[in-house]
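J.: For reference, this is data-v3.txt, and it has compact mmCIF, C-alpha atoms and all ligand atoms.
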# COMPACT_ATOMS: atom_id res chain seq x y z
CA MET A 1 -19.04 9.60 -3.04
CA LYS A 2 -16.65 11.38 -5.27
CA HIS A 3 -14.02 13.86 -4.33
CA PRO A 4 -15.04 17.41 -5.22
CA ASP A 5 -11.93 17.79 -7.34
CA ASP A 6 -12.81 14.68 -9.20
CA ASN A 7 -12.47 15.28 -12.88
CA LEU A 8 -11.04 11.95 -13.73
CA ALA A 9 -13.20 11.59 -16.77
CA GLU A 10 -11.61 14.60 -18.35
CA VAL A 11 -9.38 15.33 -21.23
CA PRO A 12 -7.06 12.65 -22.44
CA GLY A 13 -4.39 15.30 -22.82
CA GLN A 14 -4.03 15.48 -19.04
CA VAL A 15 -3.58 11.84 -18.49
CA PHE A 16 -0.04 11.25 -19.49
CA SER A 17 3.07 13.16 -18.82
CA PRO A 18 5.73 12.31 -21.36
CA GLY A 19 8.43 13.25 -18.88
CA GLN A 20 7.66 10.17 -16.82
CA VAL A 21 10.36 7.60 -17.14
CA SER A 22 10.50 4.27 -15.45
CA SER A 23 13.63 3.49 -13.55
CA SER A 24 15.60 0.50 -14.69
CA PRO A 25 14.45 -2.65 -13.01
CA SER A 26 17.16 -3.87 -10.68
CA VAL A 27 16.43 -7.53 -10.86
CA GLY A 28 18.72 -9.85 -9.04
CA GLY A 29 20.12 -6.94 -7.11
CA PHE A 30 19.00 -8.01 -3.68
CA GLY A 31 21.24 -9.35 -0.99
CA ALA A 32 21.52 -13.06 -0.49
CA SER A 33 18.63 -14.45 1.42
CA THR A 34 18.17 -17.75 3.16
CA GLY A 35 15.28 -20.06 3.93
CA SER A 36 13.56 -20.55 0.63
CA VAL A 37 9.80 -20.27 0.59
CA SER A 38 10.03 -21.70 -2.88
CA ALA A 39 11.00 -25.04 -1.46
CA ILE A 40 8.28 -24.94 1.17
CA MET A 41 5.59 -23.80 -1.20
CA GLY A 42 6.80 -25.74 -4.19
CA ILE A 43 7.67 -22.60 -6.08
CA GLU A 44 10.53 -22.78 -8.53
CA ARG A 45 13.16 -20.11 -8.25
CA HIS A 46 14.09 -18.23 -11.35
CA ALA A 47 17.42 -17.05 -12.47
CA PRO A 48 17.52 -13.27 -12.57
CA VAL A 49 16.45 -11.91 -15.88
CA SER A 50 18.47 -8.96 -16.98
CA GLN A 51 16.31 -6.82 -19.07
CA ALA A 52 16.07 -3.12 -18.89
CA ALA A 53 14.76 -0.29 -20.92
CA SER A 54 15.12 2.86 -18.98
CA SER A 55 13.71 5.40 -21.32
CA GLU A 56 10.28 4.08 -22.16
CA PRO A 57 7.31 5.91 -20.78
CA GLU A 58 5.70 4.51 -17.68
CA LYS A 59 3.24 1.76 -18.37
CA ALA A 60 -0.14 1.37 -16.84
CA PRO A 61 -0.06 -2.36 -16.25
CA VAL A 62 -3.45 -3.56 -15.18
CA ALA A 63 -5.58 -4.13 -18.19
CA PRO A 64 -4.15 -5.17 -21.50
CA VAL A 65 -3.80 -2.46 -24.09
CA SER A 66 -7.24 -2.00 -25.54
CA THR A 67 -8.17 -2.91 -29.04
CA PRO A 68 -7.98 -0.11 -31.56
CA LYS A 69 -11.77 -0.04 -31.64
CA ALA A 70 -12.12 0.34 -27.89
CA ALA A 71 -9.38 2.94 -27.81
CA ALA A 72 -11.05 4.93 -30.51
CA SER A 73 -14.23 5.10 -28.53
CA ALA A 74 -12.36 6.31 -25.43
CA SER A 75 -10.35 9.02 -27.07
CA ALA A 76 -10.38 11.30 -30.02
CA TYR A 77 -6.67 10.60 -30.50
CA ASP A 78 -5.11 8.68 -33.32
CA ASP A 79 -4.74 5.24 -31.82
CA SER A 80 -2.16 3.93 -34.21
CA THR A 81 0.77 4.42 -31.80
CA PRO A 82 1.42 2.63 -28.49
CA LEU A 83 1.40 5.96 -26.66
CA ALA A 84 -2.01 6.93 -28.02
CA ARG A 85 -3.37 3.50 -27.19
CA GLU A 86 -2.02 3.83 -23.67
CA ILE A 87 -3.61 7.24 -23.24
CA ALA A 88 -6.92 5.84 -24.45
CA GLU A 89 -6.62 2.92 -22.06
CA MET A 90 -5.86 5.17 -19.09
CA THR A 91 -8.78 7.40 -19.98
CA ARG A 92 -11.01 4.36 -20.04
CA ARG A 93 -9.78 3.23 -16.59
CA ARG A 94 -10.20 6.73 -15.21
CA ARG A 95 -13.79 6.91 -16.46
CA ILE A 96 -14.62 3.63 -14.75
CA LEU A 97 -13.20 4.92 -11.46
CA ALA A 98 -14.91 8.29 -11.75
CA GLY A 99 -18.27 6.69 -12.38
CA GLU A 100 -18.23 4.42 -9.35
CA ASP A 101 -19.41 5.11 -5.82
CA LEU A 102 -17.43 2.87 -3.52
CA PRO A 103 -19.30 1.12 -0.71
CA LEU A 104 -18.30 2.11 2.81
CA PRO A 105 -17.89 -0.66 5.41
CA SER A 106 -20.43 -0.70 8.20
CA ALA A 107 -17.72 -1.28 10.82
CA PRO A 108 -14.12 -0.05 10.72
CA ARG A 109 -11.80 -2.31 8.71
CA VAL A 110 -8.40 -2.46 10.40
CA PHE A 111 -5.47 -3.48 8.17
CA THR A 112 -1.89 -4.21 9.08
CA VAL A 113 0.48 -3.74 6.17
CA ALA A 114 3.21 -6.24 6.88
CA ASN A 115 6.25 -7.85 5.33
CA GLN A 116 9.43 -8.21 7.34
CA LYS A 117 11.45 -7.37 4.26
CA GLY A 118 12.36 -3.71 3.97
CA GLY A 119 11.80 -1.73 0.80
CA VAL A 120 8.92 -3.79 -0.60
CA GLY A 121 6.41 -0.93 -0.58
CA LYS A 122 4.70 -1.23 2.82
CA THR A 123 4.81 2.47 3.59
CA THR A 124 4.08 3.50 0.01
CA THR A 125 1.08 1.16 -0.05
CA THR A 126 -0.18 2.33 3.35
CA VAL A 127 -0.05 5.99 2.42
CA ASN A 128 -1.43 5.72 -1.10
CA LEU A 129 -4.22 3.31 -0.30
CA ALA A 130 -5.21 5.49 2.64
CA ALA A 131 -5.23 8.57 0.42
CA ALA A 132 -7.18 6.73 -2.30
CA LEU A 133 -9.81 5.54 0.19
CA ALA A 134 -10.07 9.00 1.77
CA ARG A 135 -10.48 10.51 -1.68
CA SER A 136 -13.39 8.21 -2.34
CA GLY A 137 -15.19 9.50 0.74
CA ALA A 138 -14.05 7.16 3.53
CA ARG A 139 -12.70 8.36 6.88
CA VAL A 140 -9.26 6.86 7.19
CA LEU A 141 -6.66 6.66 9.95
CA VAL A 142 -3.06 5.71 9.26
CA ILE A 143 -1.08 4.44 12.23
CA ASP A 144 2.64 4.88 11.64
CA LEU A 145 4.31 2.10 13.60
CA ASP A 146 7.74 2.41 12.02
CA PRO A 147 10.28 4.48 14.02
CA GLN A 148 11.54 5.89 10.73
CA GLY A 149 8.25 7.79 10.47
CA ASN A 150 8.11 7.56 6.67
CA ALA A 151 4.31 7.32 6.57
CA SER A 152 4.07 10.44 8.75
CA THR A 153 6.40 12.28 6.37
CA ALA A 154 4.48 11.18 3.30
CA LEU A 155 1.19 12.32 4.82
CA GLY A 156 2.67 15.72 5.68
CA VAL A 157 2.13 15.47 9.45
CA GLU A 158 4.56 16.73 12.07
CA HIS A 159 6.77 14.11 13.69
CA ARG A 160 9.72 15.90 15.26
CA SER A 161 11.32 14.22 18.25
CA ASP A 162 9.18 16.31 20.66
CA THR A 163 5.87 15.54 18.87
CA VAL A 164 3.46 13.47 20.94
CA SER A 165 3.24 10.26 18.98
CA VAL A 166 2.24 6.61 18.75
CA TYR A 167 5.07 5.95 21.22
CA ASP A 168 3.14 7.86 23.91
CA VAL A 169 -0.02 5.93 23.06
CA ILE A 170 1.66 2.53 23.38
CA ILE A 171 4.03 3.18 26.26
CA ASN A 172 2.44 6.03 28.25
CA ASP A 173 -1.29 5.32 27.70
CA GLU A 174 -1.82 8.68 26.02
CA PRO A 175 -5.35 8.70 24.51
CA MET A 176 -5.13 8.23 20.74
CA ALA A 177 -7.66 10.99 20.15
CA ASP A 178 -5.21 13.53 21.63
CA VAL A 179 -2.36 12.40 19.41
CA ILE A 180 -3.76 11.89 15.92
CA GLN A 181 -3.23 14.66 13.40
CA LYS A 182 -5.21 15.56 10.34
CA SER A 183 -3.26 15.09 7.14
CA PRO A 184 -3.34 18.14 4.87
CA GLU A 185 -3.81 15.68 1.97
CA PHE A 186 -7.53 15.01 2.22
CA GLU A 187 -10.43 16.10 4.39
CA ALA A 188 -10.97 12.76 6.12
CA LEU A 189 -7.42 11.45 6.32
CA TYR A 190 -5.75 11.24 9.73
CA CYS A 191 -2.39 10.01 10.95
CA LEU A 192 -1.05 8.81 14.27
CA PRO A 193 2.56 9.85 13.76
CA ALA A 194 5.73 8.00 14.72
CA THR A 195 8.86 9.65 16.02
CA ILE A 196 12.33 8.32 16.62
CA HIS A 197 11.32 7.48 20.24
CA LEU A 198 9.47 4.50 18.86
CA ALA A 199 12.83 2.84 18.23
CA GLY A 200 13.12 2.25 21.98
CA ALA A 201 9.60 0.94 22.34
CA GLU A 202 10.48 -2.63 21.28
CA ILE A 203 12.63 -2.91 24.41
CA GLU A 204 10.39 -0.90 26.73
CA LEU A 205 7.38 -3.01 25.76
CA VAL A 206 9.04 -6.18 27.04
CA SER A 207 8.44 -5.30 30.68
CA LEU A 208 4.93 -3.84 30.27
CA VAL A 209 1.71 -5.61 31.19
CA ALA A 210 -0.25 -6.95 28.19
CA ARG A 211 2.62 -5.92 25.97
CA GLU A 212 1.12 -7.43 22.81
CA GLN A 213 -2.30 -5.80 23.30
CA ARG A 214 -1.38 -2.19 23.95
CA LEU A 215 -2.12 -0.81 20.49
CA ARG A 216 -5.35 -2.78 20.26
CA THR A 217 -6.64 -1.50 23.60
CA ALA A 218 -5.88 2.09 22.61
CA LEU A 219 -7.36 1.70 19.11
CA ASP A 220 -10.55 -0.04 20.25
CA LYS A 221 -11.17 2.72 22.78
CA PHE A 222 -10.51 5.40 20.18
CA LEU A 223 -12.81 3.83 17.59
CA ASP A 224 -15.57 3.28 20.17
CA GLU A 225 -15.44 6.87 21.36
CA SER A 226 -14.84 8.65 18.07
CA PRO A 227 -17.77 11.03 17.47
CA GLU A 228 -17.58 10.29 13.73
CA PRO A 229 -17.01 6.72 12.62
CA PHE A 230 -13.81 5.69 10.89
CA HIS A 231 -14.11 3.35 7.92
CA TYR A 232 -10.51 2.22 7.54
CA VAL A 233 -7.47 2.03 9.81
CA ILE A 234 -4.19 1.13 8.09
CA ILE A 235 -1.15 0.30 10.20
CA ASP A 236 2.30 0.67 8.63
CA CYS A 237 4.70 -1.84 10.18
CA PRO A 238 8.47 -1.73 10.59
CA PRO A 239 10.52 -4.28 8.61
CA SER A 240 10.81 -6.79 11.45
CA LEU A 241 8.69 -9.26 13.34
CA GLY A 242 9.21 -7.72 16.78
CA LEU A 243 6.77 -6.54 19.43
CA LEU A 244 5.66 -3.49 17.45
CA THR A 245 4.61 -5.68 14.52
CA ILE A 246 2.94 -8.11 16.94
CA ASN A 247 0.99 -5.17 18.40
CA ALA A 248 -0.13 -4.33 14.86
CA PHE A 249 -1.23 -7.93 14.18
CA VAL A 250 -3.20 -7.99 17.41
CA ALA A 251 -4.87 -4.64 16.69
CA ALA A 252 -5.89 -5.59 13.14
CA ARG A 253 -8.43 -7.91 11.61
CA GLU A 254 -6.90 -7.99 8.14
CA VAL A 255 -3.31 -8.33 6.95
CA LEU A 256 -2.27 -6.75 3.66
CA ILE A 257 1.02 -8.08 2.33
CA PRO A 258 2.76 -6.07 -0.37
CA ILE A 259 4.94 -8.25 -2.58
CA GLN A 260 7.56 -6.75 -4.81
CA CYS A 261 7.57 -8.28 -8.28
CA GLU A 262 11.28 -9.02 -8.20
CA TYR A 263 13.77 -11.73 -7.48
CA TYR A 264 13.65 -13.06 -3.88
CA ALA A 265 10.17 -11.55 -3.55
CA LEU A 266 8.82 -14.72 -1.97
CA GLU A 267 11.75 -15.41 0.32
CA GLY A 268 10.66 -14.99 3.90
CA LEU A 269 6.98 -15.15 3.02
CA SER A 270 6.51 -18.55 4.66
CA GLN A 271 8.04 -17.21 7.88
CA LEU A 272 5.65 -14.26 7.77
CA LEU A 273 2.66 -16.54 7.17
CA ASN A 274 3.76 -18.85 10.01
CA ASN A 275 4.03 -15.91 12.38
CA ILE A 276 0.58 -14.71 11.37
CA LYS A 277 -0.76 -18.21 12.09
CA LEU A 278 0.85 -18.15 15.54
CA ILE A 279 -0.72 -14.77 16.30
CA GLU A 280 -4.06 -16.08 15.07
CA ARG A 281 -3.79 -19.13 17.31
CA HIS A 282 -2.64 -17.38 20.47
CA LEU A 283 -3.48 -13.70 20.38
CA ASN A 284 -5.99 -12.74 17.69
CA PRO A 285 -8.27 -15.48 16.31
CA ALA A 286 -9.92 -13.01 13.91
CA LEU A 287 -6.71 -12.22 12.01
CA THR A 288 -6.82 -13.03 8.26
CA VAL A 289 -4.48 -12.38 5.35
CA SER A 290 -7.19 -10.77 3.27
CA THR A 291 -5.16 -8.91 0.69
CA ILE A 292 -1.94 -9.33 -1.26
CA LEU A 293 -0.81 -6.49 -3.48
CA LEU A 294 1.83 -6.87 -6.16
CA THR A 295 4.02 -3.79 -6.23
CA MET A 296 6.82 -2.29 -8.31
CA TYR A 297 5.64 -4.26 -11.30
CA ASP A 298 7.43 -3.69 -14.57
CA SER A 299 5.63 -5.41 -17.39
CA ARG A 300 8.75 -5.26 -19.56
CA THR A 301 10.59 -7.83 -17.49
CA ASN A 302 9.84 -11.54 -17.73
CA LEU A 303 10.75 -11.82 -14.08
CA ALA A 304 7.98 -9.47 -12.92
CA ASN A 305 5.47 -11.46 -14.95
CA GLN A 306 6.75 -14.75 -13.53
CA VAL A 307 6.61 -13.51 -9.93
CA ALA A 308 3.10 -12.12 -10.45
CA ALA A 309 1.90 -15.39 -11.99
CA GLU A 310 3.39 -17.49 -9.18
CA VAL A 311 1.92 -15.35 -6.42
CA ARG A 312 -1.49 -15.49 -8.11
CA GLU A 313 -1.25 -19.24 -8.43
CA HIS A 314 -0.58 -19.67 -4.70
CA PHE A 315 -2.93 -16.98 -3.41
CA PRO A 316 -5.72 -16.78 -5.98
CA LYS A 317 -8.28 -15.26 -3.61
CA GLU A 318 -6.04 -12.82 -1.81
CA VAL A 319 -4.14 -11.18 -4.66
CA LEU A 320 -5.76 -8.03 -6.03
CA ASP A 321 -6.22 -7.87 -9.80
CA THR A 322 -4.60 -4.47 -9.74
CA LEU A 323 -0.83 -4.35 -10.00
CA ILE A 324 1.12 -1.33 -8.81
CA PRO A 325 3.60 -0.30 -11.49
CA ARG A 326 7.15 0.71 -10.80
CA SER A 327 6.77 4.45 -11.12
CA VAL A 328 8.99 7.44 -10.63
CA ARG A 329 5.99 9.55 -9.58
CA ILE A 330 5.21 7.12 -6.75
CA SER A 331 8.75 7.35 -5.39
CA GLU A 332 8.92 11.14 -5.77
CA ALA A 333 5.68 11.96 -3.97
CA PRO A 334 6.89 11.49 -0.35
CA SER A 335 9.60 14.12 -0.74
CA TYR A 336 6.77 16.62 -1.30
CA GLY A 337 4.96 15.37 1.82
CA GLN A 338 2.24 13.96 -0.43
CA SER A 339 0.71 10.74 -1.63
CA VAL A 340 0.90 10.12 -5.35
CA ILE A 341 -2.89 10.53 -5.40
CA SER A 342 -2.54 14.25 -4.79
CA TYR A 343 1.01 14.73 -6.10
CA ASP A 344 0.16 13.49 -9.60
CA PRO A 345 -3.47 12.39 -9.73
CA SER A 346 -3.33 11.47 -13.40
CA SER A 347 -0.22 9.30 -13.26
CA PRO A 348 -0.42 5.53 -13.78
CA GLY A 349 0.76 4.99 -10.18
CA SER A 350 -2.05 7.11 -8.78
CA LEU A 351 -4.59 5.39 -10.99
CA SER A 352 -3.39 1.96 -9.86
CA TYR A 353 -3.63 2.79 -6.16
CA LEU A 354 -7.14 4.19 -6.76
CA GLU A 355 -8.06 0.92 -8.49
CA ALA A 356 -6.53 -1.16 -5.68
CA ALA A 357 -8.55 0.85 -3.14
CA ALA A 358 -11.71 0.32 -5.19
CA GLU A 359 -11.11 -3.44 -5.27
CA ILE A 360 -10.57 -3.53 -1.50
CA ALA A 361 -13.76 -1.54 -0.93
CA ARG A 362 -15.77 -3.70 -3.34
CA ARG A 363 -14.55 -6.97 -1.84
CA GLY A 364 -15.61 -5.83 1.61
CA ALA A 365 -14.45 -7.20 4.95
CA PRO A 366 -13.69 -10.94 5.11
CA ALA A 367 -16.54 -13.04 6.46
N1 LIG A 401 5.60 1.38 -7.16
C1 LIG A 401 6.77 1.95 -6.91
N2 LIG A 401 7.51 2.47 -7.90
C2 LIG A 401 8.71 3.05 -7.64
N3 LIG A 401 9.26 3.18 -6.44
C3 LIG A 401 8.55 2.66 -5.41
C4 LIG A 401 7.28 2.04 -5.56
N4 LIG A 401 6.83 1.64 -4.35
C5 LIG A 401 7.78 2.00 -3.47
N5 LIG A 401 8.80 2.61 -4.09
C6 LIG A 401 10.04 3.15 -3.48
O1 LIG A 401 10.75 2.04 -2.94
C7 LIG A 401 11.32 2.39 -1.70
C8 LIG A 401 10.81 1.45 -0.61
O2 LIG A 401 9.40 1.62 -0.47
P1 LIG A 401 8.71 1.67 0.97
O3 LIG A 401 7.26 1.87 0.75
O4 LIG A 401 9.41 2.66 1.85
O5 LIG A 401 9.00 0.20 1.47
P2 LIG A 401 8.90 -0.39 2.94
O6 LIG A 401 7.98 0.45 3.74
O7 LIG A 401 8.40 -1.79 2.73
O8 LIG A 401 10.30 -0.37 3.49
C9 LIG A 401 10.96 3.84 -1.45
O9 LIG A 401 12.02 4.64 -1.87
C10 LIG A 401 9.75 4.06 -2.32
O10 LIG A 401 9.65 5.39 -2.76
MG MG A 402 8.29 1.45 5.56
Write the structure described by the file as structure tokens, please.

T.:
Amino acid sequence: MKHPDDNLAEVPGQVFSPGQVSSSPSVGGFGASTGSVSAIMGIERHAPVSQAASSEPEKAPVAPVSTPKAAASASAYDDSTPLAREIAEMTRRRRILAGEDLPLPSAPRVFTVANQKGGVGKTTTTVNLAAALARSGARVLVIDLDPQGNASTALGVEHRSDTVSVYDVIINDEPMADVIQKSPEFEALYCLPATIHLAGAEIELVSLVAREQRLRTALDKFLDESPEPFHYVIIDCPPSLGLLTINAFVAAREVLIPIQCEYYALEGLSQLLNNIKLIERHLNPALTVSTILLTMYDSRTNLANQVAAEVREHFPKEVLDTLIPRSVRISEAPSYGQSVISYDPSSPGSLSYLEAAAEIARRGAPA
């Protein structure tokens, strides 16, 4: 199933915008953090590497730059420069994506995108994976469970303070079907928006019956009754391990953890994994960390390469081959109420999220 606008295999000239500039990597710039997962998992910590080159064009990081021969076959361009080789490589990746029909799951796959650290790319990953899957023909629902409502903004759905929202579903038993909105992004992309009211829900949930199960009950009912089946549900979590996140873990079958390829990336990961184990033991035996996605990768820094290698070493099955590059286009897209998939379909960031979505679809649901 390809999107009608799909012309990914087209002209190499469209595939690279020379105006794209990577932001400087801010390695070592995070606040002090305690409780080292490195110690627990036997991972060595690295001194921050200061290395920056702010004016190079954005890199597409996944596959190595192709050999001159391969590049020549992908493009009519002179492949003697790094830029031309990169264009050829992106064209090759685009052709592979354009030529593939992604399998659709037979039952809805429900993902929680979780990491209690803020700013690691949870919302960005939720929105862009959802858009990429919808573009490939899947019906996708995004549940925005962060009171900041960033996923709702990025998907272009209304979430003013008087909008009926996920808060009403969880606290007031409002049927989900009456609350979800269609995203203008893609035909089969829907969003259950969050408003600022959700900020109070953590406290209000405490006194409610079955407080950990409320999202699951509402979602199961919605999926059962939906006249057209949904293929993917992706829940964007707030940066905490409170009752909202617990509701997301109970509603989901799969956990997707985005990990930023920077210093301190692994701090707090053991706490997250422990919490997931507790949920699995007491509330949701089916819960599995199925997917880890490396985000904000900058191939020019040694640190990003070291973090990526360490995460792969510890989670060889879970980590996707695809890396999401640090990309200005990815960070710009939400201010236009868009995913990067529609904001700049030919950018390296868009291509990477499409490839990540393809990997997730190909791998299928965990056994
Ligand atoms: N691959 C990327 N390249 C550049 N900026 C990114 C990328 N992924 C996320 N960002 C930016 O980083 C910030 C934090 O991302 P976000 O997805 O909101 O994280 P979280 O939801 O985990 O708090 C946002 O400003 C976002 O635009
Ligand atoms: Mg977020």

J.: Excluding region 329-345 of chain A and residues on its chain fewer than 4 positions from it, collect all residues at most 7 Å away from it, counting all atoms listed in the file, and give them as an mmCIF file with C-alpha atoms, in the frame of the given file.

T.:
data_model
loop_
_atom_site.group_PDB
_atom_site.id
_atom_site.type_symbol
_atom_site.label_atom_id
_atom_site.label_comp_id
_atom_site.auth_asym_id
_atom_site.auth_seq_id
_atom_site.Cartn_x
_atom_site.Cartn_y
_atom_site.Cartn_z
ATOM 1 C CA VAL A 127 -0.050 5.990 2.420
ATOM 2 C CA ASN A 128 -1.430 5.720 -1.100
ATOM 3 C CA ALA A 131 -5.230 8.570 0.420
ATOM 4 C CA ALA A 132 -7.180 6.730 -2.300
ATOM 5 C CA THR A 153 6.400 12.280 6.370
ATOM 6 C CA ALA A 154 4.480 11.180 3.300
ATOM 7 C CA LEU A 155 1.190 12.320 4.820
ATOM 8 C CA GLY A 156 2.670 15.720 5.680
ATOM 9 C CA GLU A 185 -3.810 15.680 1.970
ATOM 10 C CA GLY A 349 0.760 4.990 -10.180
ATOM 11 C CA SER A 350 -2.050 7.110 -8.780
#

J.: Taking all atoms listed in the file into account, which residues are within 9 Å of ligand LIG 401 (chain A), as a PDB file with C-alpha atoms, in the coordinates of the input?

T.:
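Output (selection-v8.pdb):
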ATOM      1  CA  SER A  22      10.500   4.270 -15.450  1.00  0.00           C
ATOM      2  CA  SER A  23      13.630   3.490 -13.550  1.00  0.00           C
ATOM      3  CA  VAL A 113       0.480  -3.740   6.170  1.00  0.00           C
ATOM      4  CA  ALA A 114       3.210  -6.240   6.880  1.00  0.00           C
ATOM      5  CA  ASN A 115       6.250  -7.850   5.330  1.00  0.00           C
ATOM      6  CA  GLN A 116       9.430  -8.210   7.340  1.00  0.00           C
ATOM      7  CA  LYS A 117      11.450  -7.370   4.260  1.00  0.00           C
ATOM      8  CA  GLY A 118      12.360  -3.710   3.970  1.00  0.00           C
ATOM      9  CA  GLY A 119      11.800  -1.730   0.800  1.00  0.00           C
ATOM     10  CA  VAL A 120       8.920  -3.790  -0.600  1.00  0.00           C
ATOM     11  CA  GLY A 121       6.410  -0.930  -0.580  1.00  0.00           C
ATOM     12  CA  LYS A 122       4.700  -1.230   2.820  1.00  0.00           C
ATOM     13  CA  THR A 123       4.810   2.470   3.590  1.00  0.00           C
ATOM     14  CA  THR A 124       4.080   3.500   0.010  1.00  0.00           C
ATOM     15  CA  THR A 125       1.080   1.160  -0.050  1.00  0.00           C
ATOM     16  CA  THR A 126      -0.180   2.330   3.350  1.00  0.00           C
ATOM     17  CA  VAL A 127      -0.050   5.990   2.420  1.00  0.00           C
ATOM     18  CA  ASP A 146       7.740   2.410  12.020  1.00  0.00           C
ATOM     19  CA  ASN A 150       8.110   7.560   6.670  1.00  0.00           C
ATOM     20  CA  ALA A 151       4.310   7.320   6.570  1.00  0.00           C
ATOM     21  CA  ASP A 236       2.300   0.670   8.630  1.00  0.00           C
ATOM     22  CA  CYS A 237       4.700  -1.840  10.180  1.00  0.00           C
ATOM     23  CA  PRO A 238       8.470  -1.730  10.590  1.00  0.00           C
ATOM     24  CA  PRO A 239      10.520  -4.280   8.610  1.00  0.00           C
ATOM     25  CA  PRO A 258       2.760  -6.070  -0.370  1.00  0.00           C
ATOM     26  CA  GLN A 260       7.560  -6.750  -4.810  1.00  0.00           C
ATOM     27  CA  THR A 295       4.020  -3.790  -6.230  1.00  0.00           C
ATOM     28  CA  MET A 296       6.820  -2.290  -8.310  1.00  0.00           C
ATOM     29  CA  TYR A 297       5.640  -4.260 -11.300  1.00  0.00           C
ATOM     30  CA  ILE A 324       1.120  -1.330  -8.810  1.00  0.00           C
ATOM     31  CA  PRO A 325       3.600  -0.300 -11.490  1.00  0.00           C
ATOM     32  CA  ARG A 326       7.150   0.710 -10.800  1.00  0.00           C
ATOM     33  CA  SER A 327       6.770   4.450 -11.120  1.00  0.00           C
ATOM     34  CA  VAL A 328       8.990   7.440 -10.630  1.00  0.00           C
ATOM     35  CA  ARG A 329       5.990   9.550  -9.580  1.00  0.00           C
ATOM     36  CA  ILE A 330       5.210   7.120  -6.750  1.00  0.00           C
ATOM     37  CA  SER A 331       8.750   7.350  -5.390  1.00  0.00           C
ATOM     38  CA  GLU A 332       8.920  11.140  -5.770  1.00  0.00           C
ATOM     39  CA  ALA A 333       5.680  11.960  -3.970  1.00  0.00           C
ATOM     40  CA  PRO A 334       6.890  11.490  -0.350  1.00  0.00           C
ATOM     41  CA  SER A 335       9.600  14.120  -0.740  1.00  0.00           C
ATOM     42  CA  GLY A 349       0.760   4.990 -10.180  1.00  0.00           C
TER      43      GLY A 349
END

J.: A:Leu273, A:Ile235, A:Ala177, A:Val311: which is nearest ligand MG 402 (chain A), counting all atoms listed in the file?

T.: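 Of A:Leu273, A:Ile235, A:Ala177, A:Val311, the one nearest ligand MG 402 (chain A) is A:Ile235, counting all atoms listed in the file.
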
J.: Compare A:Leu243, A:Leu83, A:Ala304, A:Ala194 by their minimum atom-to-atom distance to ligand MG 402 (chain A), counting all atoms listed in the file, and give me the closest one.

T.: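 Among A:Leu243, A:Leu83, A:Ala304, A:Ala194, it is A:Ala194 that comes nearest to ligand MG 402 (chain A).
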
J.: Which value, in Å to one decimal, gives the distance between CA of Glu202 (chain A) and CA of Ala248 (chain A)?

T.: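 Spanning CA of Glu202 (chain A) to CA of Ala248 (chain A) is a straight-line distance of 12.5 Å.
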
J.: Restricting the calculation to only C-alpha atoms and all ligand atoms, which member of A:Tyr353, A:Val110, A:Leu278, A:Leu145 is positioned closest to ligand MG 402 (chain A)?

T.: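 The shortest atom-to-atom distance to ligand MG 402 (chain A) comes from A:Leu145.
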
J.: Here's a test: counting all atoms listed in the file, identify every protein, DNA and RNA residue with an atom at most 12 Å from (-5.3, -13.8, 17.7) in the file's coordinate frame, and state them as an MDAnalysis selection string.

T.: chainID A and resid 212:213 216 246:254 275:288

J.: Which one of A:Leu244, A:Val179, A:Leu269, A:Leu354 sits closest to Val206 (chain A) if you count all atoms listed in the file?

T.: A:Leu244

J.: Tell me, in Å to one decimal, how far CA of Lys317 (chain A) is from CA of Arg363 (chain A).

T.: 10.5 Å

J.: Choose the residue, out of A:Ser80, A:Ser346, A:Ser290, A:Thr245, that has the smallest atom-to-atom separation from Leu272 (chain A); count only C-alpha atoms.

T.: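 Nearest candidate to Leu272 (chain A) out of A:Ser80, A:Ser346, A:Ser290, A:Thr245: A:Thr245.
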
J.: For a quick check of understanding, using only C-alpha atoms and all ligand atoms, which of A:Arg300, A:Ile96, A:Gln148, A:Ala134 has the smallest distance to ligand MG 402 (chain A)?

T.: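 Result for the nearest residue to ligand MG 402 (chain A): A:Gln148.
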
J.: Generate the coordinates of N, CA and C atoms for region 117-123 of chain A; report them as a CSV table (one decimal), in the coordinates of the input.

T.:
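Dumped everything to part_10.csv:
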chain,number,residue,atom,x,y,z
A,117,LYS,N,10.4,-7.9,5.1
A,117,LYS,CA,11.4,-7.4,4.3
A,117,LYS,C,11.3,-5.9,4.2
A,118,GLY,N,12.4,-5.2,4.1
A,118,GLY,CA,12.4,-3.7,4.0
A,118,GLY,C,12.3,-3.4,2.5
A,119,GLY,N,11.8,-2.2,2.2
A,119,GLY,CA,11.8,-1.7,0.8
A,119,GLY,C,10.9,-2.4,-0.2
A,120,VAL,N,9.8,-3.1,0.3
A,120,VAL,CA,8.9,-3.8,-0.6
A,120,VAL,C,7.7,-3.0,-0.9
A,121,GLY,N,7.6,-1.8,-0.3
A,121,GLY,CA,6.4,-0.9,-0.6
A,121,GLY,C,5.3,-0.9,0.5
A,122,LYS,N,5.7,-1.3,1.7
A,122,LYS,CA,4.7,-1.2,2.8
A,122,LYS,C,4.2,0.2,3.0
A,123,THR,N,5.2,1.1,3.3
A,123,THR,CA,4.8,2.5,3.6
A,123,THR,C,4.1,3.1,2.4
